[in-house]
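One structure below.
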Amino acid sequence: MKRPPVYTYTVTEPPGVNVHYFRNKADLPMRELSAMCKPPLEHTTIRRVEHNLGYTQDTLERIAKALGVTVVTLFCRKGARG
């Protein structure tokens, strides 16, 4: 059973909106995605990235690899809705 989102997402710019899109598409909670990263990230890091509150290249590379996409995709898939 999928829980309703706790946070309201108003971020519409990559990479945050695309990380959120791909995470939801894979039906992954933040904690699960953070654990899939190698080495693991804190789930709060995923939240910060999704809200574009700060990220590093290393963090984006780890998240992209866990999601099975490229870092370029996180920046270029504007409105990754379909």
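Identifiers in this document derive from the order of the structure tokens: chains are assigned A, B, ..., residues are numbered from 1 separately in each chain, and ligands are numbered from 1 in order of occurrence.
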Open item on the list: Which residues are near segment 50-65 of chain A? Cut-off 9 Å, only C-alpha atoms, ignore same chain within fewer than 3 positions. Put them as a PyMOL selection string.
Closed with: chain A and resi 9-11+13-20+33-34+36-41+45-47+68-71+73-74
TODO: Any chance you could list, as number ranges by chain, the residues in segment 5-52 of chain A that come up alpha helix (DSSP H) when DSSP is run on the backbone?
DONE: A: 16-25, 30-36, 43-50
Would you write out those residues with N, CA, C and O atoms, as a compact mmCIF listing (two decimals), in the first residue's frame?
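Saved file out_26.txt follows:
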```txt
# COMPACT_ATOMS: atom_id res chain seq x y z
N GLY A 16 15.76 18.21 -9.17
CA GLY A 16 14.86 17.79 -8.09
C GLY A 16 13.57 17.16 -8.56
O GLY A 16 13.17 16.10 -8.09
N VAL A 17 12.89 17.81 -9.50
CA VAL A 17 11.61 17.28 -9.97
C VAL A 17 11.80 15.94 -10.67
O VAL A 17 10.95 15.05 -10.58
N ASN A 18 12.93 15.76 -11.34
CA ASN A 18 13.17 14.50 -12.04
C ASN A 18 13.56 13.38 -11.09
O ASN A 18 13.17 12.24 -11.29
N VAL A 19 14.31 13.69 -10.04
CA VAL A 19 14.62 12.67 -9.04
C VAL A 19 13.30 12.21 -8.40
O VAL A 19 13.06 11.01 -8.25
N HIS A 20 12.46 13.16 -8.06
CA HIS A 20 11.16 12.83 -7.48
C HIS A 20 10.33 11.97 -8.44
O HIS A 20 9.74 10.97 -8.03
N TYR A 21 10.31 12.35 -9.72
CA TYR A 21 9.55 11.62 -10.72
C TYR A 21 10.04 10.17 -10.84
O TYR A 21 9.25 9.23 -10.78
N PHE A 22 11.35 9.99 -11.01
CA PHE A 22 11.89 8.64 -11.20
C PHE A 22 11.76 7.80 -9.93
O PHE A 22 11.55 6.60 -10.00
N ARG A 23 11.87 8.43 -8.77
CA ARG A 23 11.71 7.70 -7.51
C ARG A 23 10.27 7.20 -7.39
O ARG A 23 10.03 6.04 -7.05
N ASN A 24 9.31 8.04 -7.68
CA ASN A 24 7.91 7.63 -7.61
C ASN A 24 7.56 6.62 -8.70
O ASN A 24 6.78 5.70 -8.46
N LYS A 25 8.14 6.78 -9.88
CA LYS A 25 7.90 5.84 -10.96
C LYS A 25 8.37 4.43 -10.56
O LYS A 25 7.74 3.44 -10.89
N MET A 30 11.84 7.39 0.02
CA MET A 30 13.14 8.05 0.13
C MET A 30 14.16 7.18 0.84
O MET A 30 15.31 7.10 0.43
N ARG A 31 13.75 6.54 1.92
CA ARG A 31 14.69 5.70 2.68
C ARG A 31 15.21 4.54 1.86
O ARG A 31 16.38 4.18 1.96
N GLU A 32 14.35 3.95 1.06
CA GLU A 32 14.78 2.81 0.24
C GLU A 32 15.74 3.26 -0.85
O GLU A 32 16.76 2.61 -1.10
N LEU A 33 15.43 4.38 -1.51
CA LEU A 33 16.34 4.91 -2.53
C LEU A 33 17.68 5.26 -1.90
O LEU A 33 18.72 4.94 -2.46
N SER A 34 17.66 5.89 -0.75
CA SER A 34 18.93 6.28 -0.11
C SER A 34 19.76 5.05 0.23
O SER A 34 20.98 5.08 0.12
N ALA A 35 19.11 3.95 0.61
CA ALA A 35 19.84 2.72 0.94
C ALA A 35 20.38 2.04 -0.32
O ALA A 35 21.38 1.33 -0.26
N MET A 36 19.74 2.26 -1.48
CA MET A 36 20.18 1.66 -2.74
C MET A 36 21.43 2.34 -3.29
O MET A 36 22.13 1.76 -4.12
N HIS A 43 18.44 9.56 4.06
CA HIS A 43 17.18 9.85 3.36
C HIS A 43 16.92 11.35 3.29
O HIS A 43 16.25 11.83 2.37
N THR A 44 17.46 12.11 4.23
CA THR A 44 17.28 13.56 4.20
C THR A 44 18.03 14.17 3.01
O THR A 44 17.63 15.23 2.52
N THR A 45 19.07 13.51 2.54
CA THR A 45 19.79 13.98 1.36
C THR A 45 18.90 13.88 0.13
O THR A 45 18.87 14.79 -0.70
N ILE A 46 18.14 12.79 0.03
CA ILE A 46 17.21 12.63 -1.09
C ILE A 46 16.18 13.76 -1.05
O ILE A 46 15.86 14.37 -2.07
N ARG A 47 15.66 14.05 0.12
CA ARG A 47 14.68 15.14 0.27
C ARG A 47 15.28 16.47 -0.17
O ARG A 47 14.65 17.24 -0.89
N ARG A 48 16.52 16.76 0.26
CA ARG A 48 17.18 18.01 -0.11
C ARG A 48 17.36 18.10 -1.63
O ARG A 48 17.13 19.15 -2.22
N VAL A 49 17.76 17.00 -2.25
CA VAL A 49 17.94 17.00 -3.70
C VAL A 49 16.61 17.23 -4.40
O VAL A 49 16.52 18.04 -5.33
N GLU A 50 15.56 16.55 -3.95
CA GLU A 50 14.25 16.71 -4.59
C GLU A 50 13.72 18.13 -4.47
O GLU A 50 12.97 18.59 -5.32
```
